[in-house]
file start_34.cif (mmCIF, N, CA and C atoms)
data_my_file
#
loop_
_atom_site.label_atom_id
_atom_site.label_comp_id
_atom_site.auth_asym_id
_atom_site.auth_seq_id
_atom_site.Cartn_x
_atom_site.Cartn_y
_atom_site.Cartn_z
N MET A 405 -13.64 -10.75 12.89
CA MET A 405 -13.58 -10.14 11.57
C MET A 405 -12.80 -11.07 10.64
N LYS A 406 -13.37 -11.36 9.51
CA LYS A 406 -12.64 -12.09 8.47
C LYS A 406 -11.64 -11.12 7.86
N SER A 407 -10.51 -11.65 7.40
CA SER A 407 -9.47 -10.77 6.85
C SER A 407 -9.98 -9.97 5.66
N ALA A 408 -10.92 -10.53 4.88
CA ALA A 408 -11.44 -9.81 3.71
C ALA A 408 -12.32 -8.63 4.11
N ASP A 409 -12.74 -8.56 5.37
CA ASP A 409 -13.58 -7.45 5.82
C ASP A 409 -12.83 -6.12 5.80
N ASN A 410 -11.52 -6.15 5.81
CA ASN A 410 -10.78 -4.90 5.78
C ASN A 410 -10.15 -4.61 4.41
N VAL A 411 -10.72 -5.23 3.38
CA VAL A 411 -10.38 -4.88 1.99
C VAL A 411 -11.50 -3.98 1.50
N VAL A 412 -11.17 -2.71 1.21
CA VAL A 412 -12.20 -1.71 0.94
C VAL A 412 -11.93 -0.96 -0.36
N ALA A 413 -12.97 -0.39 -0.89
CA ALA A 413 -12.86 0.49 -2.06
C ALA A 413 -12.28 1.83 -1.60
N ARG A 414 -11.77 2.59 -2.53
CA ARG A 414 -11.12 3.87 -2.21
C ARG A 414 -12.06 4.83 -1.46
N ASP A 415 -13.32 4.90 -1.86
CA ASP A 415 -14.26 5.81 -1.18
C ASP A 415 -14.40 5.45 0.30
N GLU A 416 -14.52 4.17 0.59
CA GLU A 416 -14.64 3.74 1.99
C GLU A 416 -13.35 4.03 2.75
N LEU A 417 -12.22 3.81 2.10
CA LEU A 417 -10.93 4.12 2.72
C LEU A 417 -10.87 5.59 3.13
N LEU A 418 -11.28 6.47 2.23
CA LEU A 418 -11.22 7.91 2.51
C LEU A 418 -12.15 8.30 3.65
N LEU A 419 -13.29 7.64 3.77
CA LEU A 419 -14.19 7.90 4.91
C LEU A 419 -13.54 7.46 6.22
N CYS A 420 -12.92 6.29 6.21
CA CYS A 420 -12.22 5.80 7.39
C CYS A 420 -11.09 6.75 7.76
N ALA A 421 -10.34 7.21 6.77
CA ALA A 421 -9.23 8.11 7.01
C ALA A 421 -9.70 9.42 7.65
N ALA A 422 -10.83 9.92 7.22
CA ALA A 422 -11.37 11.15 7.81
C ALA A 422 -11.67 10.92 9.30
N GLY A 423 -12.20 9.77 9.62
CA GLY A 423 -12.46 9.42 11.02
C GLY A 423 -11.18 9.30 11.83
N TRP A 424 -10.16 8.67 11.26
CA TRP A 424 -8.88 8.54 11.97
C TRP A 424 -8.28 9.91 12.23
N ARG A 425 -8.34 10.77 11.22
CA ARG A 425 -7.77 12.12 11.40
C ARG A 425 -8.54 12.89 12.47
N ALA A 426 -9.86 12.74 12.50
CA ALA A 426 -10.66 13.42 13.51
C ALA A 426 -10.26 12.95 14.92
N GLU A 427 -9.77 11.72 15.02
CA GLU A 427 -9.30 11.17 16.30
C GLU A 427 -7.84 11.55 16.58
N GLY A 428 -7.20 12.23 15.63
CA GLY A 428 -5.81 12.63 15.80
C GLY A 428 -4.81 11.54 15.47
N ARG A 429 -5.25 10.52 14.75
CA ARG A 429 -4.37 9.41 14.40
C ARG A 429 -3.58 9.71 13.12
N THR A 430 -2.37 9.18 13.05
CA THR A 430 -1.53 9.34 11.86
C THR A 430 -1.69 8.12 10.96
N ILE A 431 -1.43 8.33 9.66
CA ILE A 431 -1.66 7.28 8.66
C ILE A 431 -0.39 7.06 7.85
N ALA A 432 -0.03 5.79 7.67
CA ALA A 432 1.04 5.40 6.77
C ALA A 432 0.41 4.66 5.60
N LEU A 433 0.94 4.88 4.42
CA LEU A 433 0.50 4.18 3.21
C LEU A 433 1.68 3.42 2.64
N ALA A 434 1.48 2.13 2.42
CA ALA A 434 2.47 1.29 1.73
C ALA A 434 1.77 0.71 0.52
N ASN A 435 2.54 0.41 -0.51
CA ASN A 435 1.90 -0.18 -1.69
C ASN A 435 2.82 -1.18 -2.35
N GLY A 436 2.22 -2.04 -3.16
CA GLY A 436 2.99 -3.01 -3.90
C GLY A 436 2.11 -3.97 -4.66
N LEU A 437 2.77 -4.82 -5.42
CA LEU A 437 2.09 -5.86 -6.18
C LEU A 437 1.70 -7.02 -5.28
N PHE A 438 2.60 -7.44 -4.40
CA PHE A 438 2.37 -8.52 -3.44
C PHE A 438 1.89 -9.79 -4.13
N ASP A 439 2.50 -10.11 -5.27
CA ASP A 439 2.09 -11.30 -6.01
C ASP A 439 2.69 -12.57 -5.42
N LEU A 440 3.95 -12.54 -5.10
CA LEU A 440 4.61 -13.69 -4.48
C LEU A 440 5.03 -13.26 -3.08
N VAL A 441 4.10 -13.38 -2.14
CA VAL A 441 4.31 -12.86 -0.79
C VAL A 441 5.36 -13.70 -0.06
N HIS A 442 6.28 -13.01 0.62
CA HIS A 442 7.32 -13.66 1.39
C HIS A 442 7.55 -12.87 2.68
N VAL A 443 8.39 -13.37 3.55
CA VAL A 443 8.60 -12.75 4.85
C VAL A 443 9.11 -11.31 4.71
N GLY A 444 9.82 -11.00 3.66
CA GLY A 444 10.28 -9.62 3.45
C GLY A 444 9.11 -8.65 3.33
N HIS A 445 8.02 -9.08 2.73
CA HIS A 445 6.83 -8.23 2.65
C HIS A 445 6.26 -7.97 4.05
N LEU A 446 6.20 -9.01 4.86
CA LEU A 446 5.70 -8.83 6.23
C LEU A 446 6.59 -7.85 6.99
N ARG A 447 7.88 -8.00 6.89
CA ARG A 447 8.80 -7.09 7.60
C ARG A 447 8.66 -5.65 7.10
N TYR A 448 8.51 -5.49 5.80
CA TYR A 448 8.28 -4.17 5.20
C TYR A 448 7.03 -3.53 5.80
N LEU A 449 5.94 -4.29 5.87
CA LEU A 449 4.68 -3.74 6.38
C LEU A 449 4.71 -3.54 7.89
N GLU A 450 5.35 -4.42 8.62
CA GLU A 450 5.46 -4.22 10.08
C GLU A 450 6.25 -2.95 10.40
N GLU A 451 7.33 -2.73 9.70
CA GLU A 451 8.11 -1.51 9.93
C GLU A 451 7.33 -0.27 9.49
N ALA A 452 6.59 -0.37 8.41
CA ALA A 452 5.75 0.74 7.96
C ALA A 452 4.69 1.06 9.01
N ALA A 453 4.08 0.03 9.57
CA ALA A 453 3.03 0.22 10.58
C ALA A 453 3.57 0.91 11.83
N ALA A 454 4.83 0.67 12.14
CA ALA A 454 5.43 1.28 13.33
C ALA A 454 5.63 2.79 13.19
N LEU A 455 5.49 3.31 11.97
CA LEU A 455 5.73 4.74 11.73
C LEU A 455 4.48 5.61 11.87
N ALA A 456 3.34 4.99 12.10
CA ALA A 456 2.08 5.74 12.22
C ALA A 456 1.11 4.94 13.08
N ASP A 457 -0.03 5.54 13.34
CA ASP A 457 -1.05 4.84 14.13
C ASP A 457 -1.81 3.81 13.32
N VAL A 458 -1.92 4.06 12.01
CA VAL A 458 -2.71 3.21 11.12
C VAL A 458 -1.92 2.94 9.85
N LEU A 459 -1.93 1.68 9.40
CA LEU A 459 -1.28 1.34 8.14
C LEU A 459 -2.33 0.94 7.11
N VAL A 460 -2.29 1.63 5.97
CA VAL A 460 -3.12 1.31 4.81
C VAL A 460 -2.19 0.73 3.75
N VAL A 461 -2.63 -0.35 3.11
CA VAL A 461 -1.83 -0.95 2.05
C VAL A 461 -2.63 -0.91 0.75
N ALA A 462 -2.01 -0.39 -0.28
CA ALA A 462 -2.61 -0.35 -1.61
C ALA A 462 -1.95 -1.43 -2.46
N ILE A 463 -2.77 -2.25 -3.09
CA ILE A 463 -2.28 -3.37 -3.90
C ILE A 463 -2.68 -3.16 -5.35
N ASN A 464 -1.73 -3.39 -6.25
CA ASN A 464 -2.03 -3.30 -7.68
C ASN A 464 -3.17 -4.24 -8.04
N ASP A 465 -4.15 -3.74 -8.77
CA ASP A 465 -5.22 -4.61 -9.25
C ASP A 465 -4.69 -5.50 -10.37
N ASP A 466 -5.53 -6.42 -10.84
CA ASP A 466 -5.07 -7.39 -11.84
C ASP A 466 -4.56 -6.71 -13.12
N ALA A 467 -5.23 -5.67 -13.57
CA ALA A 467 -4.82 -5.00 -14.81
C ALA A 467 -3.45 -4.36 -14.66
N SER A 468 -3.22 -3.66 -13.55
CA SER A 468 -1.91 -3.02 -13.39
C SER A 468 -0.83 -4.07 -13.08
N ALA A 469 -1.20 -5.17 -12.43
CA ALA A 469 -0.25 -6.26 -12.20
C ALA A 469 0.19 -6.86 -13.54
N ARG A 470 -0.76 -7.05 -14.44
CA ARG A 470 -0.42 -7.58 -15.78
C ARG A 470 0.50 -6.62 -16.52
N ALA A 471 0.22 -5.33 -16.40
CA ALA A 471 1.06 -4.34 -17.08
C ALA A 471 2.49 -4.39 -16.54
N LEU A 472 2.63 -4.63 -15.25
CA LEU A 472 3.95 -4.71 -14.64
C LEU A 472 4.68 -6.01 -14.97
N LYS A 473 3.95 -7.12 -14.94
CA LYS A 473 4.58 -8.43 -15.11
C LYS A 473 4.61 -8.92 -16.55
N GLY A 474 3.72 -8.39 -17.37
CA GLY A 474 3.63 -8.86 -18.75
C GLY A 474 2.50 -9.88 -18.91
N GLU A 475 2.02 -10.00 -20.10
CA GLU A 475 0.87 -10.87 -20.39
C GLU A 475 1.17 -12.37 -20.23
N ASP A 476 2.42 -12.76 -20.40
CA ASP A 476 2.77 -14.18 -20.38
C ASP A 476 3.01 -14.74 -18.99
N ARG A 477 3.18 -13.89 -18.01
CA ARG A 477 3.47 -14.38 -16.66
C ARG A 477 2.19 -14.45 -15.85
N PRO A 478 1.99 -15.54 -15.11
CA PRO A 478 0.77 -15.68 -14.30
C PRO A 478 0.81 -14.74 -13.10
N ILE A 479 -0.36 -14.36 -12.62
CA ILE A 479 -0.47 -13.56 -11.40
C ILE A 479 -1.48 -14.22 -10.47
N VAL A 480 -1.31 -13.98 -9.19
CA VAL A 480 -2.30 -14.39 -8.21
C VAL A 480 -3.43 -13.36 -8.31
N PRO A 481 -4.70 -13.79 -8.35
CA PRO A 481 -5.81 -12.83 -8.48
C PRO A 481 -5.81 -11.78 -7.37
N GLN A 482 -6.23 -10.57 -7.73
CA GLN A 482 -6.19 -9.43 -6.82
C GLN A 482 -6.90 -9.68 -5.50
N GLN A 483 -8.04 -10.32 -5.51
CA GLN A 483 -8.77 -10.54 -4.26
C GLN A 483 -8.01 -11.47 -3.33
N GLU A 484 -7.32 -12.45 -3.88
CA GLU A 484 -6.52 -13.35 -3.05
C GLU A 484 -5.32 -12.62 -2.46
N ARG A 485 -4.66 -11.79 -3.27
CA ARG A 485 -3.52 -11.01 -2.76
C ARG A 485 -3.98 -10.05 -1.69
N ALA A 486 -5.10 -9.38 -1.93
CA ALA A 486 -5.62 -8.40 -0.97
C ALA A 486 -6.02 -9.09 0.34
N GLU A 487 -6.68 -10.21 0.25
CA GLU A 487 -7.11 -10.91 1.46
C GLU A 487 -5.91 -11.39 2.28
N LEU A 488 -4.88 -11.86 1.61
CA LEU A 488 -3.68 -12.32 2.31
C LEU A 488 -3.03 -11.17 3.07
N ILE A 489 -2.82 -10.04 2.41
CA ILE A 489 -2.19 -8.89 3.07
C ILE A 489 -3.10 -8.34 4.17
N ALA A 490 -4.40 -8.34 3.94
CA ALA A 490 -5.35 -7.85 4.94
C ALA A 490 -5.30 -8.70 6.21
N GLY A 491 -4.84 -9.94 6.10
CA GLY A 491 -4.75 -10.82 7.25
C GLY A 491 -3.57 -10.52 8.17
N PHE A 492 -2.63 -9.70 7.73
CA PHE A 492 -1.50 -9.34 8.58
C PHE A 492 -2.00 -8.44 9.71
N ARG A 493 -1.60 -8.71 10.93
CA ARG A 493 -2.06 -7.94 12.10
C ARG A 493 -1.73 -6.46 12.01
N CYS A 494 -0.66 -6.12 11.33
CA CYS A 494 -0.21 -4.72 11.28
C CYS A 494 -1.00 -3.88 10.29
N VAL A 495 -1.85 -4.49 9.48
CA VAL A 495 -2.56 -3.79 8.40
C VAL A 495 -3.98 -3.44 8.85
N ALA A 496 -4.31 -2.15 8.76
CA ALA A 496 -5.67 -1.71 9.11
C ALA A 496 -6.63 -1.94 7.95
N LEU A 497 -6.27 -1.43 6.78
CA LEU A 497 -7.13 -1.56 5.60
C LEU A 497 -6.27 -1.81 4.36
N VAL A 498 -6.88 -2.50 3.41
CA VAL A 498 -6.26 -2.75 2.10
C VAL A 498 -7.19 -2.20 1.04
N THR A 499 -6.63 -1.57 0.04
CA THR A 499 -7.40 -1.11 -1.11
C THR A 499 -6.64 -1.47 -2.38
N LEU A 500 -7.36 -1.56 -3.47
CA LEU A 500 -6.74 -1.86 -4.77
C LEU A 500 -6.56 -0.57 -5.56
N PHE A 501 -5.53 -0.54 -6.41
CA PHE A 501 -5.37 0.60 -7.30
C PHE A 501 -4.98 0.09 -8.68
N GLY A 502 -5.42 0.81 -9.71
CA GLY A 502 -5.20 0.37 -11.08
C GLY A 502 -4.21 1.19 -11.86
N GLU A 503 -3.73 2.27 -11.28
CA GLU A 503 -2.78 3.11 -11.96
C GLU A 503 -1.38 2.50 -11.87
N SER A 504 -0.44 3.04 -12.63
CA SER A 504 0.92 2.50 -12.59
C SER A 504 1.66 2.90 -11.31
N THR A 505 1.25 4.00 -10.68
CA THR A 505 1.80 4.41 -9.39
C THR A 505 0.63 4.77 -8.47
N VAL A 506 0.93 5.02 -7.20
CA VAL A 506 -0.14 5.38 -6.25
C VAL A 506 -0.29 6.89 -6.09
N GLU A 507 0.14 7.65 -7.09
CA GLU A 507 0.06 9.11 -6.97
C GLU A 507 -1.36 9.61 -6.73
N ALA A 508 -2.32 9.06 -7.45
CA ALA A 508 -3.71 9.51 -7.27
C ALA A 508 -4.20 9.22 -5.85
N LEU A 509 -3.84 8.06 -5.33
CA LEU A 509 -4.22 7.73 -3.96
C LEU A 509 -3.50 8.62 -2.96
N LEU A 510 -2.24 8.92 -3.20
CA LEU A 510 -1.52 9.86 -2.32
C LEU A 510 -2.23 11.20 -2.27
N ARG A 511 -2.66 11.69 -3.43
CA ARG A 511 -3.35 12.99 -3.47
C ARG A 511 -4.69 12.95 -2.73
N ALA A 512 -5.39 11.83 -2.83
CA ALA A 512 -6.70 11.71 -2.19
C ALA A 512 -6.58 11.47 -0.68
N LEU A 513 -5.66 10.60 -0.29
CA LEU A 513 -5.53 10.20 1.11
C LEU A 513 -4.64 11.16 1.91
N VAL A 514 -3.58 11.65 1.31
CA VAL A 514 -2.56 12.49 1.95
C VAL A 514 -2.14 11.87 3.30
N PRO A 515 -1.52 10.70 3.24
CA PRO A 515 -1.05 10.08 4.48
C PRO A 515 0.10 10.87 5.08
N ASP A 516 0.40 10.60 6.33
CA ASP A 516 1.53 11.25 6.97
C ASP A 516 2.85 10.70 6.45
N VAL A 517 2.86 9.40 6.14
CA VAL A 517 4.07 8.72 5.68
C VAL A 517 3.73 7.85 4.48
N HIS A 518 4.58 7.90 3.47
CA HIS A 518 4.46 7.00 2.31
C HIS A 518 5.65 6.05 2.39
N CYS A 519 5.38 4.76 2.58
CA CYS A 519 6.42 3.77 2.79
C CYS A 519 6.65 2.95 1.53
N LYS A 520 7.91 2.70 1.26
CA LYS A 520 8.31 1.84 0.15
C LYS A 520 9.33 0.85 0.69
N GLY A 521 9.46 -0.27 -0.01
CA GLY A 521 10.41 -1.30 0.39
C GLY A 521 11.83 -0.94 0.01
N THR A 522 12.75 -1.79 0.44
CA THR A 522 14.17 -1.51 0.27
C THR A 522 14.68 -1.67 -1.16
N ASP A 523 13.79 -2.02 -2.09
CA ASP A 523 14.19 -2.00 -3.49
C ASP A 523 14.18 -0.56 -4.02
N TYR A 524 13.82 0.39 -3.17
CA TYR A 524 13.81 1.81 -3.51
C TYR A 524 14.76 2.56 -2.59
N THR A 525 15.11 3.77 -3.00
CA THR A 525 15.74 4.76 -2.13
C THR A 525 14.79 5.95 -2.14
N ALA A 526 15.02 6.90 -1.26
CA ALA A 526 14.15 8.08 -1.24
C ALA A 526 14.14 8.80 -2.58
N GLU A 527 15.24 8.69 -3.33
CA GLU A 527 15.32 9.38 -4.62
C GLU A 527 14.77 8.56 -5.79
N THR A 528 14.48 7.29 -5.59
CA THR A 528 13.93 6.49 -6.69
C THR A 528 12.45 6.16 -6.52
N VAL A 529 11.83 6.61 -5.44
CA VAL A 529 10.40 6.39 -5.25
C VAL A 529 9.66 7.12 -6.36
N PRO A 530 8.84 6.40 -7.16
CA PRO A 530 8.17 7.05 -8.30
C PRO A 530 7.30 8.24 -7.91
N GLU A 531 6.72 8.20 -6.73
CA GLU A 531 5.79 9.25 -6.29
C GLU A 531 6.48 10.33 -5.45
N ARG A 532 7.80 10.39 -5.44
CA ARG A 532 8.53 11.26 -4.52
C ARG A 532 8.16 12.74 -4.67
N GLU A 533 8.00 13.22 -5.89
CA GLU A 533 7.69 14.65 -6.07
C GLU A 533 6.29 14.98 -5.57
N THR A 534 5.35 14.10 -5.83
CA THR A 534 3.98 14.29 -5.33
C THR A 534 3.98 14.27 -3.81
N ALA A 535 4.68 13.30 -3.22
CA ALA A 535 4.73 13.20 -1.76
C ALA A 535 5.34 14.46 -1.16
N ARG A 536 6.43 14.90 -1.71
CA ARG A 536 7.09 16.10 -1.18
C ARG A 536 6.19 17.33 -1.32
N ALA A 537 5.51 17.46 -2.45
CA ALA A 537 4.63 18.61 -2.66
C ALA A 537 3.48 18.64 -1.66
N LEU A 538 3.05 17.46 -1.23
CA LEU A 538 1.93 17.35 -0.28
C LEU A 538 2.40 17.32 1.17
N GLY A 539 3.70 17.36 1.41
CA GLY A 539 4.22 17.31 2.77
C GLY A 539 4.19 15.92 3.39
N ILE A 540 4.20 14.89 2.55
CA ILE A 540 4.17 13.51 3.01
C ILE A 540 5.62 13.03 3.16
N ARG A 541 5.93 12.49 4.32
CA ARG A 541 7.28 11.96 4.55
C ARG A 541 7.43 10.63 3.81
N ILE A 542 8.55 10.41 3.16
CA ILE A 542 8.85 9.14 2.51
C ILE A 542 9.75 8.33 3.44
N ALA A 543 9.40 7.05 3.63
CA ALA A 543 10.21 6.16 4.46
C ALA A 543 10.48 4.87 3.70
N ILE A 544 11.70 4.40 3.78
CA ILE A 544 12.08 3.13 3.20
C ILE A 544 12.12 2.14 4.36
N THR A 545 11.32 1.07 4.26
CA THR A 545 11.22 0.13 5.37
C THR A 545 11.43 -1.30 4.88
N GLY A 546 11.74 -2.18 5.82
CA GLY A 546 11.92 -3.59 5.51
C GLY A 546 13.37 -3.98 5.49
N ASP A 547 13.62 -5.23 5.10
CA ASP A 547 14.98 -5.78 5.03
C ASP A 547 15.66 -5.37 3.75
#
call {"tool": "encode", "arguments": {"input": "start_34.cif", "output": "structure tokens"}}
result
Amino acid sequence: MKSADNVVARDELLLCAAGWRAEGRTIALANGLFDLVHVGHLRYLEEAAALADVLVVAINDDASARALKGEDRPIVPQQERAELIAGFRCVALVTLFGESTVEALLRALVPDVHCKGTDYTAETVPERETARALGIRIAITGD
């Protein structure tokens, strides 16, 4: 399998998730920009993967990356970022999202665990209220 083979659209992700749930597997969701990938990102995702049977990673698309970084700062194109993260052994699937947060994906996927990196606390996760309302555990992972 080429690493890009596990970069999927949201609809395909949700079909895969239904199959995993039918098998009794648990799902963790991690998300980020992943523009300047470093070993901390790998550690974040490896620890997230250890919390469930399957790890899904949502990556900001180019438009939302621009909104976060500003028009004057360069970004690595979304497909390159997605392919790089998809190549990590701990990652089952990668999907892109264009919203400012992953709340819509949380509502659609309803993972067992929503993982964020150590630049957050459980109380500063932007999607914390949505996660709590849906019964999704929040975990802070990584260095």
call {"tool": "residues_around", "arguments": {"input": "start_34.cif", "residues": "Ser504 (chain A)", "least_positions_apart": "4", "cutoff": "8 Å", "atoms": "only N, CA and C atoms", "output": "number ranges by chain"}}
result
A: 468-469, 472
call {"tool": "closest_residue", "arguments": {"input": "start_34.cif", "among": "A:Ile463, A:Val514, A:Val506, A:Leu538", "to": "Asp439 (chain A)", "atoms": "only C-alpha atoms"}}
result
A:Ile463
call {"tool": "residues_around", "arguments": {"input": "start_34.cif", "residues": "Leu488 (chain A)", "least_positions_apart": "5", "cutoff": "12 Å", "atoms": "only C-alpha atoms", "output": "JSON, numbers by chain"}}
result
{"A": [406, 407, 408, 409, 410, 411, 438, 439, 440, 441, 442, 445, 446, 461, 463, 480, 481, 482, 483, 493, 495, 497, 498]}
call {"tool": "write_last_selection", "arguments": {"input": "start_34.cif", "atoms": "N, CA and C atoms", "output": "mmCIF file, keeping the file's coordinate frame"}}
result
data_model
loop_
_atom_site.group_PDB
_atom_site.id
_atom_site.type_symbol
_atom_site.label_atom_id
_atom_site.label_comp_id
_atom_site.auth_asym_id
_atom_site.auth_seq_id
_atom_site.Cartn_x
_atom_site.Cartn_y
_atom_site.Cartn_z
ATOM 1 N N LYS A 406 -13.370 -11.360 9.510
ATOM 2 C CA LYS A 406 -12.640 -12.090 8.470
ATOM 3 C C LYS A 406 -11.640 -11.120 7.860
ATOM 4 N N SER A 407 -10.510 -11.650 7.400
ATOM 5 C CA SER A 407 -9.470 -10.770 6.850
ATOM 6 C C SER A 407 -9.980 -9.970 5.660
ATOM 7 N N ALA A 408 -10.920 -10.530 4.880
ATOM 8 C CA ALA A 408 -11.440 -9.810 3.710
ATOM 9 C C ALA A 408 -12.320 -8.630 4.110
ATOM 10 N N ASP A 409 -12.740 -8.560 5.370
ATOM 11 C CA ASP A 409 -13.580 -7.450 5.820
ATOM 12 C C ASP A 409 -12.830 -6.120 5.800
ATOM 13 N N ASN A 410 -11.520 -6.150 5.810
ATOM 14 C CA ASN A 410 -10.780 -4.900 5.780
ATOM 15 C C ASN A 410 -10.150 -4.610 4.410
ATOM 16 N N VAL A 411 -10.720 -5.230 3.380
ATOM 17 C CA VAL A 411 -10.380 -4.880 1.990
ATOM 18 C C VAL A 411 -11.500 -3.980 1.500
ATOM 19 N N PHE A 438 2.600 -7.440 -4.400
ATOM 20 C CA PHE A 438 2.370 -8.520 -3.440
ATOM 21 C C PHE A 438 1.890 -9.790 -4.130
ATOM 22 N N ASP A 439 2.500 -10.110 -5.270
ATOM 23 C CA ASP A 439 2.090 -11.300 -6.010
ATOM 24 C C ASP A 439 2.690 -12.570 -5.420
ATOM 25 N N LEU A 440 3.950 -12.540 -5.100
ATOM 26 C CA LEU A 440 4.610 -13.690 -4.480
ATOM 27 C C LEU A 440 5.030 -13.260 -3.080
ATOM 28 N N VAL A 441 4.100 -13.380 -2.140
ATOM 29 C CA VAL A 441 4.310 -12.860 -0.790
ATOM 30 C C VAL A 441 5.360 -13.700 -0.060
ATOM 31 N N HIS A 442 6.280 -13.010 0.620
ATOM 32 C CA HIS A 442 7.320 -13.660 1.390
ATOM 33 C C HIS A 442 7.550 -12.870 2.680
ATOM 34 N N HIS A 445 8.020 -9.080 2.730
ATOM 35 C CA HIS A 445 6.830 -8.230 2.650
ATOM 36 C C HIS A 445 6.260 -7.970 4.050
ATOM 37 N N LEU A 446 6.200 -9.010 4.860
ATOM 38 C CA LEU A 446 5.700 -8.830 6.230
ATOM 39 C C LEU A 446 6.590 -7.850 6.990
ATOM 40 N N VAL A 461 -2.630 -0.350 3.110
ATOM 41 C CA VAL A 461 -1.830 -0.950 2.050
ATOM 42 C C VAL A 461 -2.630 -0.910 0.750
ATOM 43 N N ILE A 463 -2.770 -2.250 -3.090
ATOM 44 C CA ILE A 463 -2.280 -3.370 -3.900
ATOM 45 C C ILE A 463 -2.680 -3.160 -5.350
ATOM 46 N N VAL A 480 -1.310 -13.980 -9.190
ATOM 47 C CA VAL A 480 -2.300 -14.390 -8.210
ATOM 48 C C VAL A 480 -3.430 -13.360 -8.310
ATOM 49 N N PRO A 481 -4.700 -13.790 -8.350
ATOM 50 C CA PRO A 481 -5.810 -12.830 -8.480
ATOM 51 C C PRO A 481 -5.810 -11.780 -7.370
ATOM 52 N N GLN A 482 -6.230 -10.570 -7.730
ATOM 53 C CA GLN A 482 -6.190 -9.430 -6.820
ATOM 54 C C GLN A 482 -6.900 -9.680 -5.500
ATOM 55 N N GLN A 483 -8.040 -10.320 -5.510
ATOM 56 C CA GLN A 483 -8.770 -10.540 -4.260
ATOM 57 C C GLN A 483 -8.010 -11.470 -3.330
ATOM 58 N N ARG A 493 -1.600 -8.710 10.930
ATOM 59 C CA ARG A 493 -2.060 -7.940 12.100
ATOM 60 C C ARG A 493 -1.730 -6.460 12.010
ATOM 61 N N VAL A 495 -1.850 -4.490 9.480
ATOM 62 C CA VAL A 495 -2.560 -3.790 8.400
ATOM 63 C C VAL A 495 -3.980 -3.440 8.850
ATOM 64 N N LEU A 497 -6.270 -1.430 6.780
ATOM 65 C CA LEU A 497 -7.130 -1.560 5.600
ATOM 66 C C LEU A 497 -6.270 -1.810 4.360
ATOM 67 N N VAL A 498 -6.880 -2.500 3.410
ATOM 68 C CA VAL A 498 -6.260 -2.750 2.100
ATOM 69 C C VAL A 498 -7.190 -2.200 1.040
#
call {"tool": "resolve_selection", "arguments": {"input": "start_34.cif", "expression": "the PyMOL selection byres (((chain A and resi 511 and name CA) around 12) and name CA)", "output": "CSV table (one decimal) with N, CA and C atoms, in the frame of the given file"}}
result
chain,number,residue,atom,x,y,z
A,418,LEU,N,-11.3,6.5,2.2
A,418,LEU,CA,-11.2,7.9,2.5
A,418,LEU,C,-12.2,8.3,3.6
A,433,LEU,N,0.9,4.9,4.4
A,433,LEU,CA,0.5,4.2,3.2
A,433,LEU,C,1.7,3.4,2.6
A,505,THR,N,1.2,4.0,-10.7
A,505,THR,CA,1.8,4.4,-9.4
A,505,THR,C,0.6,4.8,-8.5
A,506,VAL,N,0.9,5.0,-7.2
A,506,VAL,CA,-0.1,5.4,-6.2
A,506,VAL,C,-0.3,6.9,-6.1
A,507,GLU,N,0.1,7.6,-7.1
A,507,GLU,CA,0.1,9.1,-7.0
A,507,GLU,C,-1.4,9.6,-6.7
A,508,ALA,N,-2.3,9.1,-7.4
A,508,ALA,CA,-3.7,9.5,-7.3
A,508,ALA,C,-4.2,9.2,-5.8
A,509,LEU,N,-3.8,8.1,-5.3
A,509,LEU,CA,-4.2,7.7,-4.0
A,509,LEU,C,-3.5,8.6,-3.0
A,510,LEU,N,-2.2,8.9,-3.2
A,510,LEU,CA,-1.5,9.9,-2.3
A,510,LEU,C,-2.2,11.2,-2.3
A,512,ALA,N,-5.4,11.8,-2.8
A,512,ALA,CA,-6.7,11.7,-2.2
A,512,ALA,C,-6.6,11.5,-0.7
A,513,LEU,N,-5.7,10.6,-0.3
A,513,LEU,CA,-5.5,10.2,1.1
A,513,LEU,C,-4.6,11.2,1.9
A,514,VAL,N,-3.6,11.6,1.3
A,514,VAL,CA,-2.6,12.5,2.0
A,514,VAL,C,-2.1,11.9,3.3
A,515,PRO,N,-1.5,10.7,3.2
A,515,PRO,CA,-1.0,10.1,4.5
A,515,PRO,C,0.1,10.9,5.1
A,516,ASP,N,0.4,10.6,6.3
A,516,ASP,CA,1.5,11.2,7.0
A,516,ASP,C,2.8,10.7,6.4
A,518,HIS,N,4.6,7.9,3.5
A,518,HIS,CA,4.5,7.0,2.3
A,518,HIS,C,5.6,6.0,2.4
A,531,GLU,N,6.7,8.2,-6.7
A,531,GLU,CA,5.8,9.2,-6.3
A,531,GLU,C,6.5,10.3,-5.4
A,533,GLU,N,8.0,13.2,-5.9
A,533,GLU,CA,7.7,14.6,-6.1
A,533,GLU,C,6.3,15.0,-5.6
A,534,THR,N,5.4,14.1,-5.8
A,534,THR,CA,4.0,14.3,-5.3
A,534,THR,C,4.0,14.3,-3.8
A,535,ALA,N,4.7,13.3,-3.2
A,535,ALA,CA,4.7,13.2,-1.8
A,535,ALA,C,5.3,14.5,-1.2
A,536,ARG,N,6.4,14.9,-1.7
A,536,ARG,CA,7.1,16.1,-1.2
A,536,ARG,C,6.2,17.3,-1.3
A,537,ALA,N,5.5,17.5,-2.4
A,537,ALA,CA,4.6,18.6,-2.7
A,537,ALA,C,3.5,18.6,-1.7
A,538,LEU,N,3.0,17.5,-1.2
A,538,LEU,CA,1.9,17.4,-0.3
A,538,LEU,C,2.4,17.3,1.2
A,539,GLY,N,3.7,17.4,1.4
A,539,GLY,CA,4.2,17.3,2.8
A,539,GLY,C,4.2,15.9,3.4
A,540,ILE,N,4.2,14.9,2.6
A,540,ILE,CA,4.2,13.5,3.0
A,540,ILE,C,5.6,13.0,3.2
call {"tool": "atom_distance", "arguments": {"input": "start_34.cif", "atom1": "CA of Arg425 (chain A)", "atom2": "CA of Ala462 (chain A)"}}
result
18.7 Å
call {"tool": "atom_distance", "arguments": {"input": "start_34.cif", "atom1": "CA of Asp466 (chain A)", "atom2": "atom N of Thr499 (chain A)"}}
result
13.3 Å
call {"tool": "resolve_selection", "arguments": {"input": "start_34.cif", "expression": "the PyMOL selection byres ((chain A and resi 519-522) around 6.5)", "output": "count of residues only"}}
result
18
